[in-house]
file entry10.csv (CSV, C-alpha atoms)
chain,number,residue,atom,x,y,z
B,1,MET,CA,14.7,103.3,0.5
B,2,ALA,CA,12.8,101.6,-2.3
B,3,ILE,CA,14.0,102.3,-5.9
B,4,ARG,CA,11.3,102.8,-8.5
B,5,GLU,CA,12.2,101.5,-11.9
B,6,ARG,CA,10.5,100.4,-15.2
B,7,MET,CA,11.5,96.9,-16.2
B,8,SER,CA,10.4,93.9,-18.1
B,9,GLY,CA,10.2,90.6,-16.1
B,10,ASN,CA,13.4,89.4,-17.8
B,11,GLU,CA,15.1,92.6,-16.9
B,12,ALA,CA,13.9,92.3,-13.3
B,13,VAL,CA,15.3,88.8,-12.9
B,14,ALA,CA,18.6,89.8,-14.6
B,15,HIS,CA,18.8,92.8,-12.2
B,16,ALA,CA,18.3,90.5,-9.2
B,17,ILE,CA,21.1,88.3,-10.6
B,18,LYS,CA,23.3,91.3,-10.9
B,19,GLN,CA,22.6,92.2,-7.2
B,20,ILE,CA,23.2,88.7,-6.0
B,21,ASN,CA,26.4,88.1,-8.1
B,22,PRO,CA,26.3,84.3,-8.2
B,23,ASP,CA,29.5,82.3,-8.9
B,24,VAL,CA,28.5,80.6,-12.1
B,25,MET,CA,25.9,80.9,-14.8
B,26,ALA,CA,25.6,78.4,-17.7
B,27,ALA,CA,23.0,79.0,-20.3
B,28,PHE,CA,21.8,78.4,-23.8
B,29,PRO,CA,19.4,80.9,-25.5
B,30,ILE,CA,15.8,80.0,-26.1
B,31,THR,CA,12.8,82.3,-26.5
B,32,PRO,CA,11.4,83.9,-24.3
B,33,SER,CA,14.2,83.5,-21.6
B,34,THR,CA,17.1,84.5,-23.9
B,35,GLU,CA,17.3,88.0,-22.5
B,36,ILE,CA,18.2,86.9,-19.0
B,37,PRO,CA,21.6,85.3,-19.8
B,38,GLN,CA,22.1,87.9,-22.5
B,39,MET,CA,21.8,90.7,-19.9
B,40,VAL,CA,23.9,88.9,-17.4
B,41,SER,CA,26.7,88.3,-19.9
B,42,THR,CA,26.6,92.0,-20.6
B,43,PHE,CA,26.9,92.8,-16.8
B,44,ILE,CA,29.9,90.4,-16.7
B,45,ALA,CA,31.5,92.0,-19.8
B,46,ASN,CA,31.1,95.5,-18.3
B,47,GLY,CA,32.7,94.4,-15.1
B,48,ASP,CA,29.6,94.9,-13.0
B,49,ILE,CA,29.8,91.4,-11.6
B,50,ASP,CA,32.4,88.6,-11.6
B,51,THR,CA,30.1,85.7,-12.3
B,52,GLU,CA,31.7,83.0,-14.5
B,53,PHE,CA,29.6,82.6,-17.6
B,54,ILE,CA,29.7,79.3,-19.4
B,55,PRO,CA,28.3,79.3,-23.0
B,56,VAL,CA,27.2,75.8,-23.9
B,57,GLU,CA,25.9,74.0,-26.9
B,58,SER,CA,22.5,72.9,-25.6
B,59,GLU,CA,20.1,73.2,-22.6
B,60,HIS,CA,21.1,69.6,-21.5
B,61,SER,CA,24.7,70.9,-21.3
B,62,SER,CA,23.5,74.0,-19.6
B,63,MET,CA,21.9,72.1,-16.7
B,64,SER,CA,24.9,69.7,-16.6
B,65,ALA,CA,27.4,72.5,-16.3
B,66,THR,CA,25.2,74.2,-13.7
B,67,MET,CA,24.9,71.0,-11.7
B,68,GLY,CA,28.7,70.4,-11.9
B,69,ALA,CA,29.4,73.9,-10.7
B,70,CYS,CA,27.0,73.6,-7.8
B,71,ALA,CA,28.4,70.2,-6.8
B,72,ALA,CA,31.8,71.8,-6.8
B,73,GLY,CA,30.7,74.3,-4.2
B,74,ALA,CA,29.6,77.3,-6.3
B,75,ARG,CA,26.3,79.2,-6.2
B,76,ALA,CA,25.2,78.3,-9.7
B,77,ILE,CA,22.2,79.4,-11.9
B,78,THR,CA,20.7,79.1,-15.3
B,79,ALA,CA,17.6,80.1,-17.2
B,80,THR,CA,15.4,78.4,-19.8
B,81,SER,CA,12.0,78.0,-21.4
B,82,SER,CA,9.8,75.4,-23.2
B,83,CYS,CA,11.8,72.8,-25.2
B,84,GLY,CA,14.9,73.9,-23.4
B,85,LEU,CA,13.5,72.7,-20.1
B,86,ALA,CA,12.4,69.5,-21.8
B,87,TYR,CA,15.9,69.0,-23.1
B,88,MET,CA,17.1,69.2,-19.5
B,89,TRP,CA,14.7,66.5,-18.3
B,90,GLU,CA,17.3,63.8,-17.5
B,91,VAL,CA,19.5,66.2,-15.6
B,92,LEU,CA,16.7,67.8,-13.7
B,93,TYR,CA,16.1,64.6,-11.7
B,94,VAL,CA,19.8,64.2,-11.1
B,95,ALA,CA,20.1,67.7,-9.7
B,96,ALA,CA,17.2,67.1,-7.3
B,97,SER,CA,18.4,63.7,-6.1
B,98,ASP,CA,21.9,65.1,-5.5
B,99,ARG,CA,20.3,67.9,-3.4
B,100,LEU,CA,21.9,70.7,-5.3
B,101,PRO,CA,20.3,74.1,-4.6
B,102,ILE,CA,20.4,75.4,-8.2
B,103,VAL,CA,18.2,78.4,-9.0
B,104,MET,CA,16.7,78.4,-12.5
B,105,ALA,CA,14.6,81.1,-14.0
B,106,VAL,CA,11.9,79.4,-16.1
B,107,VAL,CA,10.1,81.7,-18.5
B,108,ASN,CA,7.0,79.7,-19.2
B,109,ARG,CA,6.3,78.8,-22.9
B,110,ALA,CA,4.2,76.2,-24.6
B,111,LEU,CA,6.0,72.9,-25.5
B,112,THR,CA,6.4,72.1,-29.1
B,113,GLY,CA,3.9,70.1,-30.9
B,114,PRO,CA,2.9,72.2,-32.9
B,115,ILE,CA,5.6,74.8,-32.7
B,116,ASN,CA,4.5,77.8,-30.6
B,117,ILE,CA,6.5,80.5,-28.7
B,118,ASN,CA,3.7,81.9,-26.5
B,119,CYS,CA,2.9,81.3,-22.8
B,120,ASP,CA,1.4,78.3,-21.1
B,121,HIS,CA,2.6,76.2,-18.2
B,122,SER,CA,3.2,72.9,-20.1
B,123,ASP,CA,7.0,73.2,-19.7
B,124,SER,CA,7.3,73.6,-15.9
B,125,MET,CA,4.2,71.4,-15.3
B,126,GLY,CA,5.8,68.6,-17.3
B,127,ALA,CA,8.7,68.8,-14.8
B,128,ARG,CA,6.5,69.0,-11.7
B,129,ASP,CA,7.6,65.6,-10.4
B,130,ALA,CA,11.3,66.1,-10.9
B,131,GLY,CA,11.9,67.1,-7.3
B,132,TRP,CA,12.3,70.9,-7.8
B,133,ILE,CA,10.6,73.6,-5.8
B,134,GLN,CA,8.3,75.6,-8.1
B,135,ILE,CA,7.1,79.2,-7.4
B,136,TYR,CA,5.1,81.2,-10.0
B,137,ALA,CA,4.9,85.0,-10.4
B,138,GLU,CA,1.9,87.0,-11.4
B,139,ASN,CA,3.8,90.1,-12.5
B,140,ASN,CA,7.3,91.6,-12.9
B,141,GLN,CA,7.5,92.7,-9.3
B,142,GLU,CA,6.9,89.1,-8.1
B,143,ALA,CA,9.4,87.7,-10.7
B,144,TYR,CA,12.0,90.0,-9.0
B,145,ASP,CA,11.0,89.2,-5.5
B,146,ASN,CA,10.6,85.5,-6.0
B,147,TYR,CA,14.1,85.2,-7.5
B,148,ILE,CA,15.7,87.0,-4.5
B,149,GLN,CA,13.9,84.7,-2.1
B,150,ALA,CA,14.8,81.6,-4.1
B,151,PHE,CA,18.4,81.3,-2.8
B,152,ARG,CA,17.4,81.5,0.9
B,153,ILE,CA,14.9,78.7,0.4
B,154,ALA,CA,16.9,76.4,-1.8
B,155,GLU,CA,20.1,76.6,0.2
B,156,HIS,CA,18.4,76.2,3.6
B,157,PRO,CA,20.0,73.2,5.4
B,158,ASP,CA,16.5,71.6,5.9
B,159,VAL,CA,15.8,71.9,2.2
B,160,LYS,CA,18.8,71.8,-0.2
B,161,LEU,CA,16.6,71.3,-3.3
B,162,PRO,CA,16.8,73.0,-6.7
B,163,PHE,CA,14.4,75.8,-7.4
B,164,MET,CA,12.4,77.0,-10.5
B,165,ALA,CA,11.4,80.7,-10.4
B,166,CYS,CA,8.6,80.8,-13.0
B,167,GLN,CA,7.1,83.7,-14.8
B,168,ASP,CA,4.8,83.8,-17.9
B,169,GLY,CA,6.5,84.1,-21.2
B,170,PHE,CA,6.1,87.5,-23.0
B,171,ILE,CA,3.2,88.5,-20.7
B,172,THR,CA,5.6,89.3,-17.9
B,173,SER,CA,9.0,88.5,-19.4
B,174,HIS,CA,8.8,91.2,-22.1
B,175,ALA,CA,6.1,93.6,-20.9
B,176,VAL,CA,7.4,96.6,-19.0
B,177,GLU,CA,5.9,97.6,-15.6
B,178,ASN,CA,6.9,99.9,-12.8
B,179,ILE,CA,8.5,97.9,-10.0
B,180,SER,CA,10.2,98.6,-6.7
B,181,LEU,CA,13.8,97.4,-6.4
B,182,ILE,CA,15.6,96.8,-3.1
B,183,GLU,CA,19.0,98.4,-2.5
B,184,THR,CA,21.8,96.0,-3.6
B,185,GLU,CA,23.4,95.9,-0.2
B,186,LYS,CA,20.2,94.9,1.4
B,187,VAL,CA,19.8,92.2,-1.2
B,188,LYS,CA,23.3,90.9,-0.6
B,189,GLU,CA,22.7,90.8,3.1
B,190,PHE,CA,19.4,89.1,2.8
B,191,VAL,CA,20.6,86.4,0.4
B,192,GLY,CA,23.9,85.9,2.1
B,193,SER,CA,26.9,83.9,0.9
B,194,TYR,CA,26.6,80.3,-0.2
B,195,GLU,CA,28.5,78.0,2.2
B,196,PRO,CA,27.8,74.3,1.3
B,197,GLU,CA,28.5,71.8,4.0
B,198,ASN,CA,29.8,69.2,1.4
B,199,PHE,CA,31.3,69.9,-2.0
B,200,LEU,CA,33.5,68.2,-4.5
B,201,LEU,CA,36.4,70.6,-4.2
B,202,ASN,CA,36.7,70.1,-0.5
B,203,ALA,CA,40.1,68.3,-0.3
B,204,ASP,CA,39.5,67.5,3.4
B,205,MET,CA,36.4,65.5,2.7
B,206,PRO,CA,36.5,63.4,-0.4
B,207,MET,CA,33.1,62.5,-1.7
B,208,ALA,CA,31.1,61.2,-4.7
B,209,VAL,CA,28.1,63.0,-6.2
B,210,GLY,CA,25.5,61.1,-8.1
B,211,PRO,CA,26.7,57.6,-7.5
B,212,TYR,CA,24.9,54.5,-8.7
B,213,ALA,CA,22.1,53.5,-6.2
B,214,ASN,CA,20.6,50.1,-6.4
B,215,SER,CA,17.5,48.8,-4.8
B,216,PRO,CA,18.6,48.9,-1.1
B,217,PHE,CA,19.3,52.6,-1.4
B,218,TYR,CA,17.2,54.3,-4.1
B,219,MET,CA,13.9,54.5,-2.1
B,220,GLU,CA,15.7,56.1,0.9
B,221,THR,CA,17.0,58.8,-1.4
B,222,LYS,CA,13.5,59.5,-2.6
B,223,MET,CA,12.2,59.6,0.9
B,224,ASN,CA,14.8,62.1,1.9
B,225,GLN,CA,13.8,64.3,-1.0
B,226,ARG,CA,10.2,64.1,0.1
B,227,ILE,CA,11.1,65.2,3.6
B,228,ALA,CA,13.1,68.1,2.2
B,229,MET,CA,10.2,69.2,0.0
B,230,LYS,CA,7.9,69.0,3.0
B,231,ASN,CA,10.3,71.1,5.0
B,232,ALA,CA,10.4,73.7,2.1
B,233,LYS,CA,6.8,74.7,2.9
B,234,LYS,CA,7.8,76.0,6.3
B,235,VAL,CA,11.0,77.6,5.0
B,236,ILE,CA,9.2,79.4,2.2
B,237,LEU,CA,6.9,81.1,4.8
B,238,GLU,CA,9.8,82.0,7.1
B,239,VAL,CA,11.8,83.5,4.2
B,240,ALA,CA,8.7,85.4,3.0
B,241,GLU,CA,8.3,86.9,6.5
B,242,GLU,CA,11.9,88.1,6.5
B,243,PHE,CA,11.6,89.4,3.0
B,244,GLU,CA,8.6,91.5,4.0
B,245,LYS,CA,10.8,93.3,6.5
B,246,ILE,CA,13.2,94.6,3.8
B,247,SER,CA,10.6,95.1,1.1
B,248,GLY,CA,7.2,95.7,2.7
B,249,ARG,CA,5.7,93.1,0.4
B,250,LYS,CA,3.9,90.1,1.8
B,251,TYR,CA,4.1,86.6,0.3
B,252,GLY,CA,2.7,83.2,1.2
B,253,LEU,CA,2.0,79.9,-0.3
B,254,PHE,CA,-0.9,81.5,-2.2
B,255,GLU,CA,-2.8,84.8,-2.3
B,256,GLU,CA,-6.4,85.2,-1.3
B,257,TYR,CA,-8.3,88.0,-3.1
B,258,ARG,CA,-11.7,89.1,-1.6
B,259,MET,CA,-12.1,85.6,-0.1
B,260,ASP,CA,-13.6,86.6,3.3
B,261,ASP,CA,-17.2,85.8,2.2
B,262,ALA,CA,-16.6,84.5,-1.3
B,263,GLU,CA,-19.1,81.9,-2.6
B,264,TYR,CA,-17.8,81.6,-6.1
B,265,VAL,CA,-14.0,81.2,-6.5
B,266,ILE,CA,-11.5,80.9,-9.3
B,267,VAL,CA,-8.2,79.2,-8.4
B,268,ILE,CA,-5.5,80.2,-10.9
B,269,MET,CA,-1.7,80.7,-11.3
B,270,GLY,CA,0.5,83.2,-12.9
B,271,SER,CA,-0.3,86.4,-14.8
B,272,ALA,CA,-3.9,85.6,-15.4
B,273,ALA,CA,-4.6,86.3,-11.7
B,274,GLY,CA,-4.5,90.0,-12.4
B,275,THR,CA,-7.2,89.7,-15.0
B,276,THR,CA,-9.3,87.6,-12.6
B,277,LYS,CA,-9.0,90.2,-9.9
B,278,GLU,CA,-10.5,92.8,-12.3
B,279,ALA,CA,-13.4,90.4,-12.9
B,280,VAL,CA,-13.9,89.8,-9.1
B,281,ASP,CA,-14.1,93.6,-8.6
B,282,GLU,CA,-16.7,94.0,-11.4
B,283,LEU,CA,-18.9,91.2,-10.0
B,284,ARG,CA,-18.6,92.5,-6.4
B,285,GLU,CA,-20.1,95.8,-7.6
B,286,GLN,CA,-23.0,93.8,-8.9
B,287,GLY,CA,-23.5,92.1,-5.5
B,288,ILE,CA,-22.0,88.8,-6.5
B,289,LYS,CA,-19.7,87.2,-3.9
B,290,ALA,CA,-16.8,86.4,-6.1
B,291,GLY,CA,-13.3,85.6,-4.9
B,292,MET,CA,-10.0,84.4,-6.2
B,293,ILE,CA,-7.0,82.3,-5.0
B,294,LYS,CA,-3.7,82.7,-6.8
B,295,VAL,CA,-1.5,79.7,-6.2
B,296,ARG,CA,2.1,81.0,-5.9
B,297,VAL,CA,3.8,77.8,-4.7
B,298,PHE,CA,3.0,74.7,-6.7
B,299,ARG,CA,5.9,72.6,-5.3
B,300,PRO,CA,5.6,71.8,-2.5
B,301,PHE,CA,1.8,71.7,-3.2
B,302,PRO,CA,-0.2,73.5,-0.4
B,303,GLY,CA,-3.2,71.1,-0.7
B,304,ALA,CA,-4.4,71.2,2.9
B,305,GLU,CA,-4.0,74.9,3.2
B,306,LEU,CA,-5.9,75.5,-0.1
B,307,ALA,CA,-8.7,73.2,1.0
B,308,ALA,CA,-9.0,75.2,4.3
B,309,ALA,CA,-9.2,78.5,2.4
B,310,LEU,CA,-11.9,77.1,0.1
B,311,GLU,CA,-14.1,75.4,2.8
B,312,ASN,CA,-16.9,78.0,2.6
B,313,ALA,CA,-17.0,78.3,-1.2
B,314,LYS,CA,-20.2,77.1,-3.0
B,315,GLY,CA,-18.6,76.9,-6.4
B,316,ILE,CA,-14.9,76.5,-7.4
B,317,ALA,CA,-13.3,76.7,-10.9
B,318,ILE,CA,-9.7,75.4,-11.0
B,319,MET,CA,-7.9,76.9,-14.0
B,320,ASP,CA,-5.1,75.0,-15.7
B,321,ARG,CA,-2.8,76.5,-18.3
B,322,ALA,CA,-1.4,73.1,-19.2
B,323,GLU,CA,-3.1,69.9,-20.5
B,324,SER,CA,-2.1,66.6,-18.8
B,325,PHE,CA,-4.1,64.3,-21.1
B,326,SER,CA,-5.2,62.2,-18.2
B,327,GLY,CA,-8.8,62.6,-19.1
B,328,CYS,CA,-9.3,63.6,-15.4
B,329,GLY,CA,-8.1,67.2,-15.4
B,330,GLY,CA,-5.0,69.2,-15.5
B,331,PRO,CA,-2.1,69.3,-13.1
B,332,LEU,CA,-3.5,72.0,-10.7
B,333,GLY,CA,-7.0,70.6,-11.0
B,334,SER,CA,-6.1,67.0,-10.3
B,335,GLU,CA,-4.0,67.9,-7.2
B,336,LEU,CA,-6.4,70.4,-5.8
B,337,LYS,CA,-9.4,68.2,-6.3
B,338,ALA,CA,-7.6,65.4,-4.4
B,339,ALA,CA,-6.9,67.9,-1.5
B,340,LEU,CA,-10.6,68.9,-1.5
B,341,TYR,CA,-11.7,65.3,-1.4
B,342,ASP,CA,-9.4,64.6,1.6
B,343,ALA,CA,-10.8,67.6,3.3
B,344,LYS,CA,-14.4,66.3,2.6
B,345,ASN,CA,-15.2,69.5,0.8
B,346,GLU,CA,-18.4,69.0,-1.2
B,347,SER,CA,-18.4,72.3,-3.1
B,348,THR,CA,-19.4,72.2,-6.8
B,349,THR,CA,-15.9,72.0,-8.4
B,350,VAL,CA,-15.0,72.2,-12.1
B,351,ASN,CA,-11.6,72.1,-13.7
B,352,TYR,CA,-11.0,74.1,-16.9
B,353,PHE,CA,-8.2,74.6,-19.4
B,354,TYR,CA,-7.4,78.2,-20.5
B,355,GLY,CA,-4.7,80.3,-22.2
B,356,LEU,CA,-2.9,77.4,-23.9
B,357,ALA,CA,-0.1,78.7,-26.2
B,358,GLY,CA,-1.1,82.3,-25.4
B,359,ARG,CA,-4.9,82.1,-26.1
B,360,ASP,CA,-6.5,85.3,-24.7
B,361,TYR,CA,-7.9,85.3,-21.2
B,362,THR,CA,-9.9,88.5,-20.6
B,363,VAL,CA,-12.0,90.0,-17.8
B,364,GLU,CA,-15.0,89.0,-19.9
B,365,THR,CA,-13.8,85.4,-20.0
B,366,ALA,CA,-13.3,85.3,-16.2
B,367,CYS,CA,-16.8,86.8,-15.6
B,368,GLY,CA,-18.2,84.1,-17.8
B,369,ILE,CA,-16.5,81.4,-15.7
B,370,TYR,CA,-18.1,82.9,-12.6
B,371,GLN,CA,-21.5,82.9,-14.3
B,372,ASN,CA,-20.9,79.2,-15.0
B,373,LEU,CA,-20.3,78.6,-11.3
B,374,ILE,CA,-23.5,80.4,-10.4
B,375,ASP,CA,-25.5,78.4,-12.8
B,376,TYR,CA,-23.9,75.1,-11.6
B,377,VAL,CA,-24.5,75.8,-8.0
B,378,SER,CA,-28.2,77.0,-8.5
B,379,GLY,CA,-28.9,73.9,-10.6
B,380,LYS,CA,-29.7,75.9,-13.7
B,381,GLN,CA,-27.1,74.1,-15.6
B,382,GLU,CA,-25.2,70.8,-15.1
B,383,ALA,CA,-21.6,71.2,-14.3
B,384,GLU,CA,-19.3,70.6,-17.2
B,385,GLN,CA,-15.8,69.4,-16.5
B,386,PHE,CA,-12.6,70.0,-18.5
B,387,LYS,CA,-13.9,72.7,-20.8
B,388,TYR,CA,-11.4,74.5,-23.1
B,389,ILE,CA,-12.1,78.2,-22.4
B,390,GLY,CA,-12.0,80.4,-25.5
B,391,LEU,CA,-11.9,77.5,-27.9
B,392,ARG,CA,-12.7,78.5,-31.5
B,393,LYS,CA,-16.0,77.2,-32.8

call {"tool": "encode", "arguments": {"input": "entry10.csv", "output": "structure tokens"}}
result
Amino acid sequence: MAIRERMSGNEAVAHAIKQINPDVMAAFPITPSTEIPQMVSTFIANGDIDTEFIPVESEHSSMSATMGACAAGARAITATSSCGLAYMWEVLYVAASDRLPIVMAVVNRALTGPININCDHSDSMGARDAGWIQIYAENNQEAYDNYIQAFRIAEHPDVKLPFMACQDGFITSHAVENISLIETEKVKEFVGSYEPENFLLNADMPMAVGPYANSPFYMETKMNQRIAMKNAKKVILEVAEEFEKISGRKYGLFEEYRMDDAEYVIVIMGSAAGTTKEAVDELREQGIKAGMIKVRVFRPFPGAELAAALENAKGIAIMDRAESFSGCGGPLGSELKAALYDAKNESTTVNYFYGLAGRDYTVETACGIYQNLIDYVSGKQEAEQFKYIGLRK
């Protein structure tokens, strides 16, 4: 029986942690993810769970402690945002190369320069090549559901990779919505216990974690990580199928919204997908064949699958909430355009930047983007790449 509750995205993730009762949480506070370890530490203090909480002096130490706990054989977690994630940079790569299935809640926030505490995806996108699985939530329900699924995916024997469960700072992390919770016993049964095959505290099998690897070995390590990331795509879908049985909620690599006959499509990630759906509905009432694809899984990137879903689109707008300064588009735009090229898709495709550091993205904004696509496809206007949407004049 589903339990209806009103929760913020941070509360939803903290509640999932309470239900799972992991072995260790190390964390250092940073807005807007601070509430997650704060709530978990309260659960521990109240005797609701027996997780070992490690207060540390920085995010670098937070990831180091989490990595050490996981290597020792514990189910270990942490949470962070923005500059906190950037401060972990060095250790993110170590955790991935050591194949440690850490689960980290990332509450997306703009990276400093200039200082800003609002949402964009520059923090997690900056870490996109560190070797971590990345899944993004549109709303509080998805933040809760994704977090529960994360452990089954990360700890799968064919994967064994760390996992970032991402949600948009303040937009989902602090806003309160009605969500459906799963009974704790069902969550525990679904997630199961963590039983690592190899771990440092196993006296019967002495081992080293994170040893020096010179030229004859380093590339093989990277290749094995690549194979694991490829395997993750299949595992994500298998876990989603099992999760649907206990929740009634269906998940995939991405979500298609009114795509059956769509000619003009926005591809987007995170909370702005809900706004885009409203725009699609408005335009459909006007007879415009608008559609949307919400990318849920960014790592591993579902390039071939997205290209197949977009094969009949006439115009495509790929929306990035992070700048990559390549001059050739943002992270999502660059990767999806490459996939479309490989699929020989000749649709009119543009890549835009939106919502940086919390800049408003409205239904009216989305409708304007669809109108751009219509004008580009009809030849009324020449396609303009890499526009900043909502830029002040």

call {"tool": "residues_around", "arguments": {"input": "entry10.csv", "residues": "range 122-139 of chain B", "least_positions_apart": "5", "cutoff": "6 Å", "atoms": "all atoms listed in the file", "output": "list in words"}}
result
Ser82, Tyr93, Ala96, Ala110, Leu111, Pro162, Phe163, Met164, Ala165, Cys166, Gln167, Thr172, Gly270, Ser271, Arg296, Val297, Phe298, Arg299 and Ala322 of chain B

call {"tool": "residues_around", "arguments": {"input": "entry10.csv", "residues": "Thr184 in chain B", "least_positions_apart": "4", "cutoff": "10 Å", "atoms": "only C-alpha atoms", "output": "PDB file with C-alpha atoms, keeping the file's coordinate frame"}}
result
ATOM      1  CA  HIS B  15      18.800  92.800 -12.200  1.00  0.00           C
ATOM      2  CA  ALA B  16      18.300  90.500  -9.200  1.00  0.00           C
ATOM      3  CA  LYS B  18      23.300  91.300 -10.900  1.00  0.00           C
ATOM      4  CA  GLN B  19      22.600  92.200  -7.200  1.00  0.00           C
ATOM      5  CA  ILE B  20      23.200  88.700  -6.000  1.00  0.00           C
ATOM      6  CA  LYS B 188      23.300  90.900  -0.600  1.00  0.00           C
ATOM      7  CA  GLU B 189      22.700  90.800   3.100  1.00  0.00           C
ATOM      8  CA  PHE B 190      19.400  89.100   2.800  1.00  0.00           C
TER       9      PHE B 190
END

call {"tool": "residues_around", "arguments": {"input": "entry10.csv", "residues": "Asp98 in chain B", "least_positions_apart": "5", "cutoff": "12 Å", "atoms": "all atoms listed in the file", "output": "VMD selection string"}}
result
chain B and resid 67 to 68 70 to 71 91 to 93 130 to 132 159 to 162 198 to 199 208 to 213 218 221 to 222 224 to 225

call {"tool": "closest_residue", "arguments": {"input": "entry10.csv", "among": "B:Glu323, B:Asp261, B:Asp48, B:Glu197", "to": "Glu155 in chain B", "atoms": "only C-alpha atoms"}}
result
B:Glu197

call {"tool": "closest_residue", "arguments": {"input": "entry10.csv", "among": "B:Lys314, B:Ile102, B:Ala150, B:Ala338", "to": "Asp375 in chain B", "atoms": "all atoms listed in the file"}}
result
B:Lys314

call {"tool": "atom_distance", "arguments": {"input": "entry10.csv", "atom1": "CA of Asn21 in chain B", "atom2": "CA of Asp50 in chain B"}}
result
7.0 Å

call {"tool": "atom_distance", "arguments": {"input": "entry10.csv", "atom1": "CA of Gly355 in chain B", "atom2": "CA of Arg321 in chain B"}}
result
5.8 Å

call {"tool": "closest_residue", "arguments": {"input": "entry10.csv", "among": "B:Met25, B:Ser61, B:Asn108, B:Ile236", "to": "Glu90 in chain B", "atoms": "all atoms listed in the file"}}
result
B:Ser61

call {"tool": "atom_distance", "arguments": {"input": "entry10.csv", "atom1": "CA of Lys245 in chain B", "atom2": "CA of Phe151 in chain B"}}
result
17.0 Å

call {"tool": "build_atoms", "arguments": {"input": "entry10.csv", "residues": "range 295-300 of chain B", "atoms": "all heavy atoms", "output": "compact mmCIF listing (two decimals), in the frame of the given file"}}
result
# COMPACT_ATOMS: atom_id res chain seq x y z
N VAL B 295 -2.48 80.64 -6.76
CA VAL B 295 -1.50 79.70 -6.20
C VAL B 295 -0.11 80.21 -6.62
O VAL B 295 0.21 80.36 -7.80
CB VAL B 295 -1.72 78.28 -6.79
CG1 VAL B 295 -0.64 77.33 -6.27
CG2 VAL B 295 -3.10 77.78 -6.39
N ARG B 296 0.69 80.50 -5.63
CA ARG B 296 2.10 81.00 -5.90
C ARG B 296 3.04 79.78 -5.83
O ARG B 296 3.91 79.65 -6.69
CB ARG B 296 2.45 81.97 -4.77
CG ARG B 296 3.92 82.42 -4.82
CD ARG B 296 4.21 83.44 -3.72
NE ARG B 296 5.60 83.85 -3.74
CZ ARG B 296 6.46 83.61 -2.76
NH1 ARG B 296 6.07 82.98 -1.66
NH2 ARG B 296 7.72 84.02 -2.86
N VAL B 297 2.89 78.91 -4.84
CA VAL B 297 3.80 77.80 -4.70
C VAL B 297 3.08 76.51 -5.16
O VAL B 297 2.06 76.10 -4.60
CB VAL B 297 4.19 77.61 -3.18
CG1 VAL B 297 5.10 76.40 -3.00
CG2 VAL B 297 4.84 78.87 -2.66
N PHE B 298 3.62 75.92 -6.21
CA PHE B 298 3.00 74.70 -6.70
C PHE B 298 3.81 73.44 -6.20
O PHE B 298 3.23 72.38 -6.06
CB PHE B 298 3.03 74.67 -8.25
CG PHE B 298 2.30 73.49 -8.83
CD1 PHE B 298 0.92 73.42 -8.78
CD2 PHE B 298 2.99 72.44 -9.41
CE1 PHE B 298 0.24 72.33 -9.29
CE2 PHE B 298 2.32 71.34 -9.92
CZ PHE B 298 0.94 71.28 -9.87
N ARG B 299 5.09 73.61 -5.95
CA ARG B 299 5.90 72.60 -5.30
C ARG B 299 6.68 73.20 -4.19
O ARG B 299 7.48 74.10 -4.46
CB ARG B 299 6.83 71.87 -6.29
CG ARG B 299 6.16 70.87 -7.22
CD ARG B 299 5.71 69.64 -6.45
NE ARG B 299 5.06 68.65 -7.32
CZ ARG B 299 3.77 68.59 -7.60
NH1 ARG B 299 2.95 69.49 -7.06
NH2 ARG B 299 3.28 67.66 -8.38
N PRO B 300 6.48 72.83 -2.94
CA PRO B 300 5.60 71.80 -2.50
C PRO B 300 4.10 72.26 -2.59
O PRO B 300 3.82 73.44 -2.38
CB PRO B 300 5.95 71.62 -1.00
CG PRO B 300 6.54 72.95 -0.62
CD PRO B 300 7.25 73.46 -1.83
